[in-house]
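Peer 1: Sharing coords-v1.json, JSON, C-alpha atoms:
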[["chain", "number", "residue", "atom", "x", "y", "z"],
["A", 983, "MET", "CA", 1.88, -29.29, 0.53],
["A", 984, "ALA", "CA", 2.86, -25.60, 0.63],
["A", 985, "SER", "CA", 0.03, -23.32, 1.64],
["A", 986, "LEU", "CA", 1.25, -20.43, -0.50],
["A", 987, "ASN", "CA", 2.49, -20.71, -4.06],
["A", 988, "VAL", "CA", 3.87, -17.17, -3.93],
["A", 989, "GLY", "CA", 7.50, -18.17, -4.48],
["A", 990, "ASN", "CA", 6.65, -19.47, -7.93],
["A", 991, "LEU", "CA", 4.53, -16.38, -8.53],
["A", 992, "GLY", "CA", 7.32, -14.06, -7.42],
["A", 993, "GLU", "CA", 9.90, -15.72, -9.65],
["A", 994, "TYR", "CA", 7.50, -15.54, -12.59],
["A", 995, "LEU", "CA", 6.75, -11.87, -11.95],
["A", 996, "ARG", "CA", 10.45, -11.04, -11.74],
["A", 997, "GLU", "CA", 11.06, -12.87, -15.03],
["A", 998, "GLN", "CA", 8.18, -11.05, -16.74],
["A", 999, "ARG", "CA", 9.32, -7.69, -15.37],
["A", 1000, "ARG", "CA", 12.85, -8.27, -16.66],
["A", 1001, "ASN", "CA", 11.51, -9.40, -20.05],
["A", 1002, "ALA", "CA", 9.54, -6.14, -20.20],
["A", 1003, "GLN", "CA", 12.78, -4.30, -19.33],
["A", 1004, "LEU", "CA", 11.19, -2.59, -16.32],
["A", 1005, "SER", "CA", 12.81, -1.84, -13.00],
["A", 1006, "LEU", "CA", 10.99, -2.84, -9.84],
["A", 1007, "ARG", "CA", 10.24, 0.82, -9.21],
["A", 1008, "GLN", "CA", 8.86, 1.34, -12.75],
["A", 1009, "LEU", "CA", 6.56, -1.66, -12.49],
["A", 1010, "ALA", "CA", 5.36, -0.66, -9.03],
["A", 1011, "GLU", "CA", 4.49, 2.81, -10.32],
["A", 1012, "ALA", "CA", 2.76, 1.46, -13.45],
["A", 1013, "ALA", "CA", 0.74, -1.04, -11.38],
["A", 1014, "GLY", "CA", -0.16, 1.46, -8.67],
["A", 1015, "VAL", "CA", 1.43, -0.50, -5.82],
["A", 1016, "SER", "CA", 4.28, 0.41, -3.52],
["A", 1017, "ASN", "CA", 7.82, -0.53, -4.44],
["A", 1018, "PRO", "CA", 8.43, -2.43, -1.14],
["A", 1019, "TYR", "CA", 5.16, -4.37, -1.52],
["A", 1020, "LEU", "CA", 6.02, -5.44, -5.07],
["A", 1021, "SER", "CA", 9.49, -6.44, -3.90],
["A", 1022, "GLN", "CA", 7.93, -8.62, -1.18],
["A", 1023, "ILE", "CA", 5.67, -10.27, -3.76],
["A", 1024, "GLU", "CA", 8.64, -11.02, -6.00],
["A", 1025, "ARG", "CA", 10.56, -12.51, -3.07],
["A", 1026, "GLY", "CA", 7.60, -14.73, -2.15],
["A", 1027, "LEU", "CA", 6.94, -12.98, 1.17],
["A", 1028, "ARG", "CA", 3.45, -11.70, 0.33],
["A", 1029, "LYS", "CA", 0.43, -13.16, -1.41],
["A", 1030, "PRO", "CA", -1.22, -10.39, -3.43],
["A", 1031, "SER", "CA", -4.95, -10.06, -3.94],
["A", 1032, "ALA", "CA", -6.56, -10.77, -7.31],
["A", 1033, "GLU", "CA", -6.99, -7.01, -7.75],
["A", 1034, "VAL", "CA", -3.26, -6.35, -7.26],
["A", 1035, "LEU", "CA", -2.43, -9.20, -9.64],
["A", 1036, "GLN", "CA", -4.73, -7.69, -12.24],
["A", 1037, "GLN", "CA", -3.01, -4.29, -11.89],
["A", 1038, "VAL", "CA", 0.44, -5.90, -12.22],
["A", 1039, "ALA", "CA", -0.69, -7.97, -15.21],
["A", 1040, "LYS", "CA", -2.03, -4.88, -16.93],
["A", 1041, "ALA", "CA", 1.24, -3.02, -16.30],
["A", 1042, "LEU", "CA", 3.23, -5.98, -17.67],
["A", 1043, "ARG", "CA", 0.76, -6.46, -20.54],
["A", 1044, "ILE", "CA", 0.29, -10.12, -19.69],
["A", 1045, "SER", "CA", -2.71, -12.28, -18.86],
["A", 1046, "ALA", "CA", -4.10, -11.78, -15.36],
["A", 1047, "GLU", "CA", -5.34, -15.37, -15.50],
["A", 1048, "THR", "CA", -1.74, -16.61, -15.75],
["A", 1049, "LEU", "CA", -0.93, -14.75, -12.55],
["A", 1050, "TYR", "CA", -4.10, -16.08, -10.90],
["A", 1051, "VAL", "CA", -3.03, -19.65, -11.65],
["A", 1052, "ARG", "CA", 0.49, -19.01, -10.37],
["A", 1053, "ALA", "CA", -0.96, -17.49, -7.18],
["A", 1054, "GLY", "CA", -3.34, -20.44, -6.73],
["A", 1055, "ILE", "CA", -6.47, -18.37, -7.32],
["A", 1056, "LEU", "CA", -7.54, -20.37, -10.39],
["A", 1057, "ASP", "CA", -7.50, -24.14, -10.65],
["A", 1058, "ALA", "CA", -4.26, -24.86, -12.49],
["A", 1059, "GLU", "CA", -5.19, -28.33, -13.69],
["A", 1060, "ARG", "CA", -8.56, -27.42, -15.14],
["A", 1061, "ASP", "CA", -7.57, -24.13, -16.68],
["A", 1062, "ARG", "CA", -3.91, -24.67, -17.61],
["A", 1063, "ASP", "CA", -4.34, -25.17, -21.37],
["A", 1064, "GLU", "CA", -6.53, -22.12, -21.79],
["A", 1065, "VAL", "CA", -4.33, -19.93, -19.61],
["A", 1066, "GLU", "CA", -1.16, -21.02, -21.39],
["A", 1067, "THR", "CA", -2.70, -20.41, -24.81],
["A", 1068, "ARG", "CA", -3.83, -16.93, -23.77],
["A", 1069, "ALA", "CA", -0.42, -16.19, -22.25],
["A", 1070, "VAL", "CA", 1.39, -17.19, -25.43],
["A", 1071, "ILE", "CA", -0.85, -14.99, -27.54],
["A", 1072, "LEU", "CA", -0.46, -12.02, -25.20],
["A", 1073, "ALA", "CA", 3.31, -12.44, -24.94],
["A", 1074, "ASP", "CA", 3.95, -12.54, -28.69],
["A", 1075, "PRO", "CA", 5.91, -9.37, -29.47],
["A", 1076, "THR", "CA", 5.26, -9.71, -33.22],
["A", 1077, "LEU", "CA", 1.51, -9.14, -32.85],
["A", 1078, "THR", "CA", -0.18, -5.80, -32.44],
["A", 1079, "GLU", "CA", -2.61, -5.20, -29.57],
["A", 1080, "ALA", "CA", -5.53, -5.34, -32.01],
["A", 1081, "GLN", "CA", -4.30, -8.67, -33.41],
["A", 1082, "LYS", "CA", -3.91, -10.12, -29.91],
["A", 1083, "THR", "CA", -7.42, -9.02, -28.99],
["A", 1084, "ALA", "CA", -8.84, -10.50, -32.21],
["A", 1085, "LEU", "CA", -7.06, -13.83, -31.65],
["A", 1086, "LEU", "CA", -8.31, -14.03, -28.07],
["A", 1087, "GLN", "CA", -11.87, -13.31, -29.17],
["A", 1088, "ILE", "CA", -11.70, -16.01, -31.83],
["A", 1089, "TYR", "CA", -10.17, -18.48, -29.36],
["A", 1090, "GLU", "CA", -12.87, -17.76, -26.77],
["A", 1091, "SER", "CA", -15.66, -18.08, -29.33],
["A", 1092, "PHE", "CA", -14.38, -21.50, -30.45],
["A", 1093, "ARG", "CA", -14.14, -22.69, -26.83],
["A", 1094, "LYS", "CA", -17.68, -21.49, -26.09],
["A", 1095, "GLU", "CA", -18.94, -23.09, -29.31],
["A", 1096, "ASN", "CA", -17.42, -26.38, -28.13],
["A", 1097, "GLY", "CA", -19.07, -26.03, -24.73],
["A", 1098, "ILE", "CA", -15.90, -25.25, -22.80],
["A", 1099, "GLU", "CA", -16.16, -22.65, -20.07],
["A", 1100, "ILE", "CA", -13.66, -19.80, -20.16],
["A", 1101, "ALA", "CA", -11.64, -19.43, -16.93],
["A", 1102, "GLY", "CA", -13.12, -16.48, -15.08],
["A", 1103, "ASP", "CA", -14.94, -15.54, -18.30],
["A", 1104, "VAL", "CA", -13.08, -12.22, -18.24],
["A", 1105, "ASP", "CA", -11.20, -10.61, -21.11],
["A", 1106, "PRO", "CA", -7.54, -10.44, -19.98],
["A", 1107, "ARG", "CA", -7.21, -7.13, -21.78],
["A", 1108, "GLN", "CA", -10.15, -5.65, -19.88],
["A", 1109, "THR", "CA", -10.65, -1.99, -20.69],
["A", 1110, "ALA", "CA", -11.84, 0.63, -18.25],
["A", 1111, "GLN", "CA", -15.34, 0.51, -19.75],
["A", 1112, "ASP", "CA", -15.57, -3.28, -19.82],
["A", 1113, "GLY", "CA", -17.57, -5.12, -17.20],
["A", 1114, "ASP", "CA", -21.23, -5.17, -18.20],
["A", 1115, "ALA", "CA", -20.98, -8.73, -19.58],
["A", 1116, "ASP", "CA", -19.37, -10.54, -16.65],
["A", 1117, "PRO", "CA", -22.03, -12.85, -15.17],
["A", 1118, "GLN", "CA", -19.55, -15.04, -13.29],
["A", 1119, "GLN", "CA", -18.17, -12.30, -11.09],
["A", 1120, "THR", "CA", -19.64, -13.61, -7.86],
["A", 1121, "ALA", "CA", -16.60, -13.67, -5.58],
["A", 1122, "GLY", "CA", -15.72, -10.46, -3.82]]
Before anything else, please render the file you have as structure tokens.

Peer 2:
Amino acid sequence: MASLNVGNLGEYLREQRRNAQLSLRQLAEAAGVSNPYLSQIERGLRKPSAEVLQQVAKALRISAETLYVRAGILDAERDRDEVETRAVILADPTLTEAQKTALLQIYESFRKENGIEIAGDVDPRQTAQDGDADPQQTAG
């Protein structure tokens, strides 16, 4: 079928940016990417790297995994339930950041207890100091 799923990604990013009440310029600045580049991503003309998606996700305060699935980086079928659950938790405006983090940790612990692998095994709210417990980071 289509080789790039960036149209769907771009539409989703635009929707998330508008929900966050950010201009294209504000999001580009917060994510550390150029305004024209972000515009091209939103219009489906560019496929961003996982690193750029992570920066955009952090600026939008959403799950990077959701963006990875939309960009075709993660297997949508296998990881969809987990990604959607994480996205719903992270998008809930009634929860504090600490509550979101706690819910995600509980959710991940239950999945691990049940023998289900976490997509990417990375905390979507990765802090600057995080990273010493990421054994699955093999792709570069």

Peer 1: What separation in Å, quoted to one decimal, exists between CA of Ala1080 in chain A and CA of Asp1063 in chain A?

Peer 2: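 Between CA of Ala1080 in chain A and CA of Asp1063 in chain A the gap is 22.5 Å.
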
Peer 1: Do a neighbour search on Arg1000 in chain A at 10 Å with only C-alpha atoms, toss out local chain neighbours closer than 6 positions, and write the hits as a PyMOL selection string.

Peer 2: chain A and resi 994+1006+1042

Peer 1: Give me the residues near range 1024-1038 of chain A as number ranges by chain, where near means some atom within 8 Å (using all atoms listed in the file) and where sequence neighbours in that chain fewer than 6 positions away do not count.

Peer 2: A: 986, 988-993, 995-996, 1009-1010, 1012-1015, 1046, 1049-1050, 1053, 1055

Peer 1: Please, which residues are within 12 Å of (0.7, -18.3, -25.4) by the file's coordinates, counting all atoms listed in the file, and could they come as a list in words?

Peer 2: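 Counting all atoms listed in the file, I find these residues within 12 Å of (0.7, -18.3, -25.4): Ile1044, Ser1045, Glu1047, Thr1048, Arg1062, Asp1063, Glu1064, Val1065, Glu1066, Thr1067, Arg1068, Ala1069, Val1070, Ile1071, Leu1072, Ala1073, Asp1074, Pro1075, Leu1077, Lys1082, Leu1085, Leu1086 and Tyr1089 of chain A.
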
Peer 1: What gap, in Å, lies between CA of Arg999 in chain A and CA of Lys1040 in chain A?

Peer 2: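 So the answer is 11.8 Å.
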
Peer 1: Report the distance between CA of Asn1017 in chain A and CA of Gly1054 in chain A in Å, rounded to one decimal place.

Peer 2: 22.9 Å
